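Here is the file protein-v1.csv (CSV, C-alpha atoms and all ligand atoms).
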chain,number,residue,atom,x,y,z
A,1,MET,CA,97.0,124.9,121.4
A,2,GLN,CA,97.6,125.8,117.7
A,3,LYS,CA,95.4,123.7,115.5
A,4,ILE,CA,96.9,121.6,112.7
A,5,ILE,CA,95.2,121.2,109.3
A,6,ALA,CA,96.9,118.5,107.4
A,7,ALA,CA,96.4,117.1,103.9
A,8,ASN,CA,97.3,113.5,103.1
A,9,TRP,CA,97.6,113.2,99.4
A,10,LYS,CA,98.2,109.4,99.6
A,11,MET,CA,99.3,108.0,96.2
A,12,TYR,CA,98.0,110.9,94.1
A,13,LYS,CA,99.7,113.6,92.0
A,14,THR,CA,102.7,113.8,89.7
A,15,ARG,CA,105.3,116.4,90.5
A,16,GLN,CA,103.7,119.0,88.3
A,17,GLU,CA,100.2,118.4,89.7
A,18,ALA,CA,101.7,118.6,93.2
A,19,ARG,CA,103.5,121.8,92.4
A,20,GLU,CA,100.4,123.4,91.0
A,21,THR,CA,98.2,122.4,94.0
A,22,ALA,CA,100.8,123.5,96.5
A,23,ALA,CA,101.4,126.8,94.8
A,24,ALA,CA,97.7,127.5,94.9
A,25,VAL,CA,97.5,126.7,98.6
A,26,ALA,CA,100.6,128.9,99.3
A,27,ALA,CA,99.1,131.8,97.3
A,28,ALA,CA,95.8,131.6,99.3
A,29,LEU,CA,97.7,131.5,102.6
A,30,ASN,CA,99.9,134.4,101.7
A,31,GLU,CA,96.8,136.4,100.7
A,32,GLN,CA,95.0,135.5,104.0
A,33,PRO,CA,97.2,133.8,106.6
A,34,THR,CA,95.6,131.3,109.0
A,35,PRO,CA,96.3,130.9,112.7
A,36,HIS,CA,96.5,127.1,112.1
A,37,GLU,CA,99.6,125.1,111.3
A,38,VAL,CA,99.2,123.7,107.7
A,39,VAL,CA,100.9,120.6,106.5
A,40,VAL,CA,100.8,118.6,103.2
A,41,PHE,CA,101.8,114.9,103.4
A,42,ALA,CA,102.9,114.4,99.8
A,43,PRO,CA,104.1,111.3,98.0
A,44,PHE,CA,107.9,110.9,98.2
A,45,THR,CA,108.4,112.0,94.6
A,46,ALA,CA,106.6,115.2,95.2
A,47,ILE,CA,107.9,116.3,98.6
A,48,ALA,CA,110.6,118.6,97.2
A,49,GLU,CA,108.1,120.3,94.8
A,50,VAL,CA,105.7,120.9,97.7
A,51,ALA,CA,108.5,122.1,100.0
A,52,ASP,CA,109.7,124.5,97.3
A,53,ALA,CA,106.2,125.8,96.6
A,54,PHE,CA,105.7,126.4,100.3
A,55,ALA,CA,109.1,128.0,100.9
A,56,ALA,CA,107.7,131.5,101.1
A,57,SER,CA,104.5,130.5,102.9
A,58,GLN,CA,103.5,129.4,106.3
A,59,ALA,CA,102.7,125.8,105.1
A,60,GLN,CA,105.1,122.9,105.5
A,61,ALA,CA,105.7,119.6,103.6
A,62,GLY,CA,105.6,116.2,105.1
A,63,ALA,CA,106.1,112.5,104.1
A,64,GLN,CA,103.6,109.7,104.4
A,65,ASP,CA,106.0,107.0,105.7
A,66,VAL,CA,109.7,106.5,106.7
A,67,TRP,CA,112.0,103.6,107.4
A,68,PRO,CA,113.6,103.4,110.9
A,69,ALA,CA,117.3,103.4,109.9
A,70,VAL,CA,119.9,106.0,108.9
A,71,GLU,CA,120.8,104.2,105.7
A,72,GLY,CA,121.5,100.7,104.5
A,73,ALA,CA,120.3,97.8,102.4
A,74,PHE,CA,116.5,98.5,102.6
A,75,THR,CA,115.4,98.3,99.0
A,76,GLY,CA,112.4,100.5,98.3
A,77,GLU,CA,112.5,102.3,101.7
A,78,ILE,CA,113.4,105.9,102.6
A,79,SER,CA,115.3,107.4,105.6
A,80,PRO,CA,114.5,110.4,107.7
A,81,ARG,CA,117.6,112.2,106.4
A,82,MET,CA,116.4,111.7,102.8
A,83,LEU,CA,113.0,113.1,103.7
A,84,GLN,CA,114.5,116.1,105.4
A,85,ASP,CA,116.8,116.6,102.4
A,86,ALA,CA,113.7,116.8,100.2
A,87,GLY,CA,112.2,119.4,102.5
A,88,ALA,CA,109.9,117.3,104.7
A,89,VAL,CA,109.4,118.6,108.3
A,90,TRP,CA,106.7,116.2,109.3
A,91,VAL,CA,106.1,112.5,108.7
A,92,LEU,CA,103.0,110.3,109.2
A,93,THR,CA,103.4,106.9,110.9
A,94,GLY,CA,100.8,104.1,111.3
A,95,HIS,CA,98.3,105.4,108.7
A,96,SER,CA,95.4,102.9,108.5
A,97,GLU,CA,96.3,102.0,104.9
A,98,ARG,CA,99.8,101.1,106.0
A,99,ARG,CA,98.5,99.0,108.9
A,100,HIS,CA,95.6,97.3,107.1
A,101,VAL,CA,96.5,97.3,103.4
A,102,LEU,CA,100.3,97.0,103.7
A,103,GLY,CA,100.3,94.9,106.8
A,104,GLU,CA,102.4,97.1,109.1
A,105,SER,CA,102.5,95.9,112.7
A,106,ASP,CA,102.1,98.0,115.9
A,107,GLU,CA,105.7,97.2,116.7
A,108,LEU,CA,107.0,98.6,113.4
A,109,VAL,CA,104.9,101.7,113.7
A,110,GLY,CA,106.5,102.2,117.1
A,111,ARG,CA,110.0,101.9,115.8
A,112,LYS,CA,109.3,104.3,112.9
A,113,THR,CA,107.8,106.9,115.3
A,114,ALA,CA,110.6,106.7,117.8
A,115,PHE,CA,113.3,106.8,115.1
A,116,ALA,CA,111.8,109.6,113.1
A,117,LEU,CA,111.5,111.8,116.2
A,118,GLU,CA,115.0,111.0,117.2
A,119,GLN,CA,116.2,112.1,113.8
A,120,GLY,CA,114.5,115.4,114.1
A,121,LEU,CA,111.3,114.9,112.1
A,122,LYS,CA,107.9,115.9,113.6
A,123,VAL,CA,105.7,112.8,113.8
A,124,MET,CA,101.9,112.4,113.4
A,125,LEU,CA,101.0,109.0,114.7
A,126,CYS,CA,97.7,107.7,113.2
A,127,ILE,CA,95.4,105.4,115.2
A,128,GLY,CA,91.9,104.2,114.7
A,129,GLU,CA,89.6,101.2,115.0
A,130,LYS,CA,87.9,99.1,112.4
A,131,LEU,CA,84.1,99.0,112.4
A,132,GLU,CA,83.9,95.4,113.8
A,133,GLU,CA,86.3,96.5,116.6
A,134,ARG,CA,84.0,99.4,117.5
A,135,GLU,CA,80.9,97.3,117.3
A,136,SER,CA,82.3,94.6,119.5
A,137,GLY,CA,83.2,97.0,122.2
A,138,GLN,CA,87.0,97.0,121.6
A,139,LEU,CA,87.4,100.7,120.8
A,140,GLU,CA,89.4,101.6,123.9
A,141,ASP,CA,91.5,98.5,123.8
A,142,VAL,CA,92.5,99.1,120.2
A,143,LEU,CA,93.4,102.7,120.8
A,144,ARG,CA,95.3,101.9,123.9
A,145,ARG,CA,97.3,99.2,122.1
A,146,GLN,CA,98.1,101.5,119.2
A,147,LEU,CA,99.1,104.3,121.5
A,148,ASP,CA,101.1,102.1,123.9
A,149,SER,CA,103.1,100.6,121.0
A,150,GLY,CA,103.3,103.8,119.1
A,151,LEU,CA,104.3,106.3,121.7
A,152,PRO,CA,108.0,106.7,122.3
A,153,ALA,CA,109.5,106.6,125.8
A,154,GLY,CA,110.4,109.9,127.4
A,155,GLY,CA,107.2,111.8,126.6
A,156,GLY,CA,108.6,115.2,127.8
A,157,ALA,CA,110.4,115.9,124.6
A,158,LEU,CA,107.2,115.2,122.5
A,159,GLU,CA,105.7,118.6,122.9
A,160,GLY,CA,105.6,120.7,119.7
A,161,ARG,CA,106.9,117.8,117.6
A,162,PHE,CA,104.3,115.0,118.0
A,163,ALA,CA,100.6,114.7,117.2
A,164,VAL,CA,98.1,111.9,117.2
A,165,ALA,CA,95.6,111.6,114.3
A,166,TYR,CA,92.5,109.6,115.2
A,167,GLU,CA,91.0,108.1,112.0
A,168,PRO,CA,88.3,105.5,112.4
A,169,VAL,CA,89.1,103.0,109.6
A,170,TRP,CA,85.4,102.8,108.7
A,171,ALA,CA,85.3,106.6,108.0
A,172,ILE,CA,88.3,106.8,105.7
A,173,GLY,CA,87.4,107.4,102.1
A,174,THR,CA,83.8,106.1,102.7
A,175,GLY,CA,81.9,109.3,103.0
A,176,LYS,CA,80.9,108.1,106.4
A,177,VAL,CA,82.2,110.8,108.7
A,178,ALA,CA,82.0,109.9,112.4
A,179,GLY,CA,79.2,111.9,114.0
A,180,PRO,CA,80.1,114.8,116.3
A,181,ASP,CA,79.1,112.7,119.4
A,182,GLU,CA,81.3,109.8,118.3
A,183,VAL,CA,84.2,112.2,117.6
A,184,LEU,CA,83.8,114.0,120.9
A,185,ALA,CA,83.6,110.8,122.9
A,186,THR,CA,86.5,109.1,121.2
A,187,HIS,CA,88.8,112.1,121.3
A,188,ALA,CA,88.1,112.3,125.1
A,189,VAL,CA,89.2,108.7,125.3
A,190,VAL,CA,92.4,109.4,123.3
A,191,ARG,CA,93.1,112.5,125.6
A,192,ARG,CA,92.7,110.3,128.7
A,193,LEU,CA,95.0,107.6,127.3
A,194,LEU,CA,97.6,110.2,126.4
A,195,CYS,CA,97.5,111.7,129.9
A,196,GLU,CA,97.7,108.2,131.5
A,197,ARG,CA,100.8,107.6,129.5
A,198,LEU,CA,102.5,111.1,129.4
A,199,GLY,CA,101.0,112.8,132.5
A,200,GLU,CA,100.4,116.6,132.1
A,201,THR,CA,102.2,116.6,128.7
A,202,GLY,CA,99.3,114.5,127.4
A,203,ASN,CA,97.1,117.6,127.5
A,204,ARG,CA,99.4,119.4,125.1
A,205,ILE,CA,99.6,116.8,122.4
A,206,PRO,CA,97.4,117.7,119.5
A,207,ILE,CA,94.7,115.2,118.5
A,208,LEU,CA,93.5,115.5,114.9
A,209,TYR,CA,90.4,113.9,113.5
A,210,GLY,CA,90.5,112.2,110.0
A,211,GLY,CA,88.0,110.4,107.9
A,212,SER,CA,85.7,111.9,105.2
A,213,VAL,CA,86.4,115.5,106.3
A,214,LYS,CA,84.9,117.9,103.7
A,215,PRO,CA,84.5,121.7,103.6
A,216,ALA,CA,80.9,121.2,104.7
A,217,ASN,CA,81.6,119.3,107.9
A,218,ALA,CA,85.1,120.7,108.8
A,219,GLY,CA,83.8,123.7,110.8
A,220,LYS,CA,81.7,121.6,113.1
A,221,LEU,CA,84.4,119.0,113.7
A,222,ILE,CA,87.2,121.6,114.4
A,223,GLY,CA,85.0,123.2,117.0
A,224,LEU,CA,84.7,120.1,119.1
A,225,ASP,CA,86.5,119.7,122.4
A,226,ASN,CA,89.8,117.9,122.1
A,227,VAL,CA,89.8,118.2,118.3
A,228,ASP,CA,93.0,120.0,117.7
A,229,GLY,CA,93.2,119.6,114.0
A,230,LEU,CA,92.0,117.7,110.9
A,231,LEU,CA,93.7,115.2,108.6
A,232,ILE,CA,92.1,115.2,105.2
A,233,GLY,CA,92.5,112.8,102.4
A,234,GLY,CA,90.2,113.1,99.3
A,235,ALA,CA,89.1,116.6,100.0
A,236,SER,CA,92.7,117.9,100.2
A,237,LEU,CA,93.6,117.0,96.6
A,238,ASP,CA,91.9,120.1,95.3
A,239,ALA,CA,93.5,123.4,96.5
A,240,GLN,CA,90.2,125.3,96.8
A,241,SER,CA,88.6,122.6,98.8
A,242,PHE,CA,91.6,122.2,101.1
A,243,VAL,CA,91.7,126.0,101.6
A,244,GLN,CA,88.0,126.0,102.4
A,245,ILE,CA,88.7,123.5,105.1
A,246,ILE,CA,91.6,125.5,106.5
A,247,ARG,CA,89.2,128.5,106.8
A,248,ALA,CA,86.2,126.6,108.1
B,301,LIG,P1,89.5,110.8,103.5
B,301,LIG,O1,89.5,112.2,103.9
B,301,LIG,O2,89.6,110.6,102.0
B,301,LIG,O3,88.4,110.0,104.1
B,301,LIG,O4,90.9,110.2,104.0
B,301,LIG,C1,91.2,110.3,105.4
B,301,LIG,C2,92.6,109.9,105.6
B,301,LIG,O5,92.9,108.7,105.5
B,301,LIG,C3,93.6,110.9,105.8
B,301,LIG,O6,94.8,110.4,106.3
As C-alpha cells - that is how I would like this structure written.
Amino acid sequence: MQKIIAANWKMYKTRQEARETAAAVAAALNEQPTPHEVVVFAPFTAIAEVADAFAASQAQAGAQDVWPAVEGAFTGEISPRMLQDAGAVWVLTGHSERRHVLGESDELVGRKTAFALEQGLKVMLCIGEKLEERESGQLEDVLRRQLDSGLPAGGGALEGRFAVAYEPVWAIGTGKVAGPDEVLATHAVVRRLLCERLGETGNRIPILYGGSVKPANAGKLIGLDNVDGLLIGGASLDAQSFVQIIRA
C-alpha cells in the first residue's frame, strides 16, 4: 500500500508563508520524487496558495475541516465544493483538537466524513484516546466508538479515498511520541477494528500515526507494521523538516 505523509498546519501561516513553504516542498519533490503520497492540510485561507504551489508537483492540498451540507445558512462554515474550488483534494475529519477543544461529537464527525466522501473529497478520519482513557483500560472501546461512528456505511467504495489517522491525544504537541511498541500494538487494534467493520477492505485502508513525529523518529515509525503513513503537526511547518520526514 502506498504510504501517505501528511502535514497538518493547524492554525499557522499567512498566505505568503504558506506559499513559500509549499513552494519549497514542491521544489524538493520535483528534484527527488518520493514513492509516498504527500498531502498538506492547510488553513482555509491558504488552501488555494498551497494547491497552486503544488500544481506541478506530486503533492496535494487538503483542508482541516468541512461542514456536511452543500450550501446554506451555516455562518463561519465551509462546504466540500468550496474546498474543492480552492484546490483541496483531501479533508481531515475528527481531529483531536476539533473533538476536545472545539467540542465536536462523534456523531458530527461521522456526518462530516460521510458527506465529504459523498461529495468527492478524500477523507482522513482522525481517532485517538486521551491519556486517562488509555490508563483506565478504555483504549479499544474509545477507538471502536470513534471508528463505528466515523466510518460511513458501504465500505467498498472507501478504498483509495479514505484513511484513518491514529493520534493519541497525549502525544499531540507534547513531544511525547508513543513508543514503537505502543504504536505497533495500537495500529494492530485499529487494523482489526477496520476489518471487523469493512471485511477484507479493512486491510487496504491506510492507517497513519500522528503525535510528535519528527525527522529523528519518523524512520522508525514508518517502518512499523500497519503504519501506512504519518500525520505531522509542528515538524511540518518548516519545509526542510517536513521533507526530511518524507525521506526518512
Ligand atoms: P504534532 O506533530 O505537533 O504533535 O501534532 C500532531 C497532530 O495533531 C497532527 O494532526
- request: Find, counting only C-alpha atoms, the residue in A:Gly94, A:Gly103, A:Gly76, A:Pro168 that gets nearest to Ser149 in chain A.
  value: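 When distances to Ser149 in chain A are compared using only C-alpha atoms, the smallest one comes from A:Gly94.
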- request: Just the residues within 8 Å of Ile246 in chain A, please, counting all atoms listed in the file, with nothing from its chain fewer than 4 positions along; format it as a VMD selection string.
  value: chain A and resid 5 34 36 38 242
Which chains and residue numbers are within 10 Å of ligand LIG 301 (chain B), counting only C-alpha atoms and all ligand atoms, if I want them as a tab-separated table (two decimals) with C-alpha atoms, in the frame of the given file?
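Result written to pocket_19.tsv:
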chain	number	residue	atom	x	y	z
A	6	ALA	CA	96.90	118.50	107.40
A	7	ALA	CA	96.40	117.10	103.90
A	8	ASN	CA	97.30	113.50	103.10
A	9	TRP	CA	97.60	113.20	99.40
A	10	LYS	CA	98.20	109.40	99.60
A	41	PHE	CA	101.80	114.90	103.40
A	64	GLN	CA	103.60	109.70	104.40
A	92	LEU	CA	103.00	110.30	109.20
A	95	HIS	CA	98.30	105.40	108.70
A	96	SER	CA	95.40	102.90	108.50
A	97	GLU	CA	96.30	102.00	104.90
A	126	CYS	CA	97.70	107.70	113.20
A	165	ALA	CA	95.60	111.60	114.30
A	166	TYR	CA	92.50	109.60	115.20
A	167	GLU	CA	91.00	108.10	112.00
A	168	PRO	CA	88.30	105.50	112.40
A	169	VAL	CA	89.10	103.00	109.60
A	170	TRP	CA	85.40	102.80	108.70
A	171	ALA	CA	85.30	106.60	108.00
A	172	ILE	CA	88.30	106.80	105.70
A	173	GLY	CA	87.40	107.40	102.10
A	174	THR	CA	83.80	106.10	102.70
A	175	GLY	CA	81.90	109.30	103.00
A	176	LYS	CA	80.90	108.10	106.40
A	177	VAL	CA	82.20	110.80	108.70
A	209	TYR	CA	90.40	113.90	113.50
A	210	GLY	CA	90.50	112.20	110.00
A	211	GLY	CA	88.00	110.40	107.90
A	212	SER	CA	85.70	111.90	105.20
A	213	VAL	CA	86.40	115.50	106.30
A	214	LYS	CA	84.90	117.90	103.70
A	230	LEU	CA	92.00	117.70	110.90
A	231	LEU	CA	93.70	115.20	108.60
A	232	ILE	CA	92.10	115.20	105.20
A	233	GLY	CA	92.50	112.80	102.40
A	234	GLY	CA	90.20	113.10	99.30
A	235	ALA	CA	89.10	116.60	100.00
A	236	SER	CA	92.70	117.90	100.20
A	237	LEU	CA	93.60	117.00	96.60
message: Between CA of Thr93 in chain A and CA of Leu125 in chain A, what distance in Å does the model show, to one decimal?
response: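 Pair CA of Thr93 in chain A / CA of Leu125 in chain A returns 5.0 Å.
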Contacts of range 108-124 of chain A at 10 Å or less, counting all atoms listed in the file, minus same-chain residues fewer than 6 places along, as a PDB file with C-alpha atoms, keeping the file's coordinate frame?
ATOM      1  CA  ALA A   6      96.900 118.500 107.400  1.00  0.00           C
ATOM      2  CA  GLY A  62     105.600 116.200 105.100  1.00  0.00           C
ATOM      3  CA  ALA A  63     106.100 112.500 104.100  1.00  0.00           C
ATOM      4  CA  GLN A  64     103.600 109.700 104.400  1.00  0.00           C
ATOM      5  CA  ASP A  65     106.000 107.000 105.700  1.00  0.00           C
ATOM      6  CA  VAL A  66     109.700 106.500 106.700  1.00  0.00           C
ATOM      7  CA  TRP A  67     112.000 103.600 107.400  1.00  0.00           C
ATOM      8  CA  PRO A  68     113.600 103.400 110.900  1.00  0.00           C
ATOM      9  CA  ALA A  69     117.300 103.400 109.900  1.00  0.00           C
ATOM     10  CA  VAL A  70     119.900 106.000 108.900  1.00  0.00           C
ATOM     11  CA  SER A  79     115.300 107.400 105.600  1.00  0.00           C
ATOM     12  CA  PRO A  80     114.500 110.400 107.700  1.00  0.00           C
ATOM     13  CA  ARG A  81     117.600 112.200 106.400  1.00  0.00           C
ATOM     14  CA  LEU A  83     113.000 113.100 103.700  1.00  0.00           C
ATOM     15  CA  GLN A  84     114.500 116.100 105.400  1.00  0.00           C
ATOM     16  CA  ALA A  88     109.900 117.300 104.700  1.00  0.00           C
ATOM     17  CA  VAL A  89     109.400 118.600 108.300  1.00  0.00           C
ATOM     18  CA  TRP A  90     106.700 116.200 109.300  1.00  0.00           C
ATOM     19  CA  VAL A  91     106.100 112.500 108.700  1.00  0.00           C
ATOM     20  CA  LEU A  92     103.000 110.300 109.200  1.00  0.00           C
ATOM     21  CA  THR A  93     103.400 106.900 110.900  1.00  0.00           C
ATOM     22  CA  GLY A  94     100.800 104.100 111.300  1.00  0.00           C
ATOM     23  CA  HIS A  95      98.300 105.400 108.700  1.00  0.00           C
ATOM     24  CA  ARG A  98      99.800 101.100 106.000  1.00  0.00           C
ATOM     25  CA  ARG A  99      98.500  99.000 108.900  1.00  0.00           C
ATOM     26  CA  GLN A 146      98.100 101.500 119.200  1.00  0.00           C
ATOM     27  CA  LEU A 147      99.100 104.300 121.500  1.00  0.00           C
ATOM     28  CA  ASP A 148     101.100 102.100 123.900  1.00  0.00           C
ATOM     29  CA  SER A 149     103.100 100.600 121.000  1.00  0.00           C
ATOM     30  CA  GLY A 150     103.300 103.800 119.100  1.00  0.00           C
ATOM     31  CA  LEU A 151     104.300 106.300 121.700  1.00  0.00           C
ATOM     32  CA  PRO A 152     108.000 106.700 122.300  1.00  0.00           C
ATOM     33  CA  ALA A 153     109.500 106.600 125.800  1.00  0.00           C
ATOM     34  CA  ALA A 157     110.400 115.900 124.600  1.00  0.00           C
ATOM     35  CA  LEU A 158     107.200 115.200 122.500  1.00  0.00           C
ATOM     36  CA  GLU A 159     105.700 118.600 122.900  1.00  0.00           C
ATOM     37  CA  GLY A 160     105.600 120.700 119.700  1.00  0.00           C
ATOM     38  CA  ARG A 161     106.900 117.800 117.600  1.00  0.00           C
ATOM     39  CA  PHE A 162     104.300 115.000 118.000  1.00  0.00           C
ATOM     40  CA  ALA A 163     100.600 114.700 117.200  1.00  0.00           C
ATOM     41  CA  VAL A 164      98.100 111.900 117.200  1.00  0.00           C
ATOM     42  CA  ALA A 165      95.600 111.600 114.300  1.00  0.00           C
ATOM     43  CA  TYR A 166      92.500 109.600 115.200  1.00  0.00           C
ATOM     44  CA  PRO A 206      97.400 117.700 119.500  1.00  0.00           C
ATOM     45  CA  ILE A 207      94.700 115.200 118.500  1.00  0.00           C
ATOM     46  CA  LEU A 208      93.500 115.500 114.900  1.00  0.00           C
ATOM     47  CA  LEU A 231      93.700 115.200 108.600  1.00  0.00           C
TER      48      LEU A 231
END
- prompt: CA of Val40 in chain A and CA of Gln60 in chain A are how many Å apart?
  reply: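 These atoms are spaced 6.5 Å apart.
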Repair of range 173-187 of chain A at the level of N, CA, C and O atoms, as an mmCIF file, in the coordinates of the input:
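Ended up saving to out_1.cif:
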data_model
loop_
_atom_site.group_PDB
_atom_site.id
_atom_site.type_symbol
_atom_site.label_atom_id
_atom_site.label_comp_id
_atom_site.auth_asym_id
_atom_site.auth_seq_id
_atom_site.Cartn_x
_atom_site.Cartn_y
_atom_site.Cartn_z
ATOM 1 N N GLY A 173 87.661 107.528 103.477
ATOM 2 C CA GLY A 173 87.400 107.400 102.100
ATOM 3 C C GLY A 173 85.976 106.768 101.799
ATOM 4 O O GLY A 173 85.669 106.348 100.690
ATOM 5 N N THR A 174 85.139 106.716 102.826
ATOM 6 C CA THR A 174 83.800 106.100 102.700
ATOM 7 C C THR A 174 82.703 107.081 102.588
ATOM 8 O O THR A 174 81.577 106.714 102.267
ATOM 9 N N GLY A 175 83.005 108.345 102.907
ATOM 10 C CA GLY A 175 81.900 109.300 103.000
ATOM 11 C C GLY A 175 81.204 109.287 104.302
ATOM 12 O O GLY A 175 80.354 110.119 104.587
ATOM 13 N N LYS A 176 81.514 108.264 105.124
ATOM 14 C CA LYS A 176 80.900 108.100 106.400
ATOM 15 C C LYS A 176 81.684 108.832 107.496
ATOM 16 O O LYS A 176 82.582 108.223 108.071
ATOM 17 N N VAL A 177 81.430 110.100 107.704
ATOM 18 C CA VAL A 177 82.200 110.800 108.700
ATOM 19 C C VAL A 177 81.639 110.336 110.087
ATOM 20 O O VAL A 177 80.446 110.036 110.213
ATOM 21 N N ALA A 178 82.512 110.206 111.060
ATOM 22 C CA ALA A 178 82.000 109.900 112.400
ATOM 23 C C ALA A 178 81.168 111.070 112.851
ATOM 24 O O ALA A 178 81.507 112.219 112.579
ATOM 25 N N GLY A 179 80.065 110.791 113.521
ATOM 26 C CA GLY A 179 79.200 111.900 114.000
ATOM 27 C C GLY A 179 79.889 112.680 115.073
ATOM 28 O O GLY A 179 80.821 112.182 115.713
ATOM 29 N N PRO A 180 79.447 113.932 115.300
ATOM 30 C CA PRO A 180 80.100 114.800 116.300
ATOM 31 C C PRO A 180 80.136 114.095 117.684
ATOM 32 O O PRO A 180 81.131 114.227 118.404
ATOM 33 N N ASP A 181 79.084 113.343 118.048
ATOM 34 C CA ASP A 181 79.100 112.700 119.400
ATOM 35 C C ASP A 181 80.162 111.622 119.447
ATOM 36 O O ASP A 181 80.847 111.485 120.461
ATOM 37 N N GLU A 182 80.300 110.867 118.344
ATOM 38 C CA GLU A 182 81.300 109.800 118.300
ATOM 39 C C GLU A 182 82.727 110.437 118.376
ATOM 40 O O GLU A 182 83.612 109.944 119.077
ATOM 41 N N VAL A 183 82.925 111.518 117.615
ATOM 42 C CA VAL A 183 84.200 112.200 117.600
ATOM 43 C C VAL A 183 84.563 112.728 118.969
ATOM 44 O O VAL A 183 85.655 112.525 119.516
ATOM 45 N N LEU A 184 83.588 113.420 119.551
ATOM 46 C CA LEU A 184 83.800 114.000 120.900
ATOM 47 C C LEU A 184 84.149 112.960 121.907
ATOM 48 O O LEU A 184 85.119 113.105 122.654
ATOM 49 N N ALA A 185 83.384 111.879 121.913
ATOM 50 C CA ALA A 185 83.600 110.800 122.900
ATOM 51 C C ALA A 185 84.946 110.132 122.679
ATOM 52 O O ALA A 185 85.701 109.865 123.632
ATOM 53 N N THR A 186 85.268 109.868 121.422
ATOM 54 C CA THR A 186 86.500 109.100 121.200
ATOM 55 C C THR A 186 87.737 109.994 121.415
ATOM 56 O O THR A 186 88.735 109.520 121.960
ATOM 57 N N HIS A 187 87.645 111.268 121.058
ATOM 58 C CA HIS A 187 88.800 112.100 121.300
ATOM 59 C C HIS A 187 89.022 112.292 122.839
ATOM 60 O O HIS A 187 90.162 112.416 123.289
#
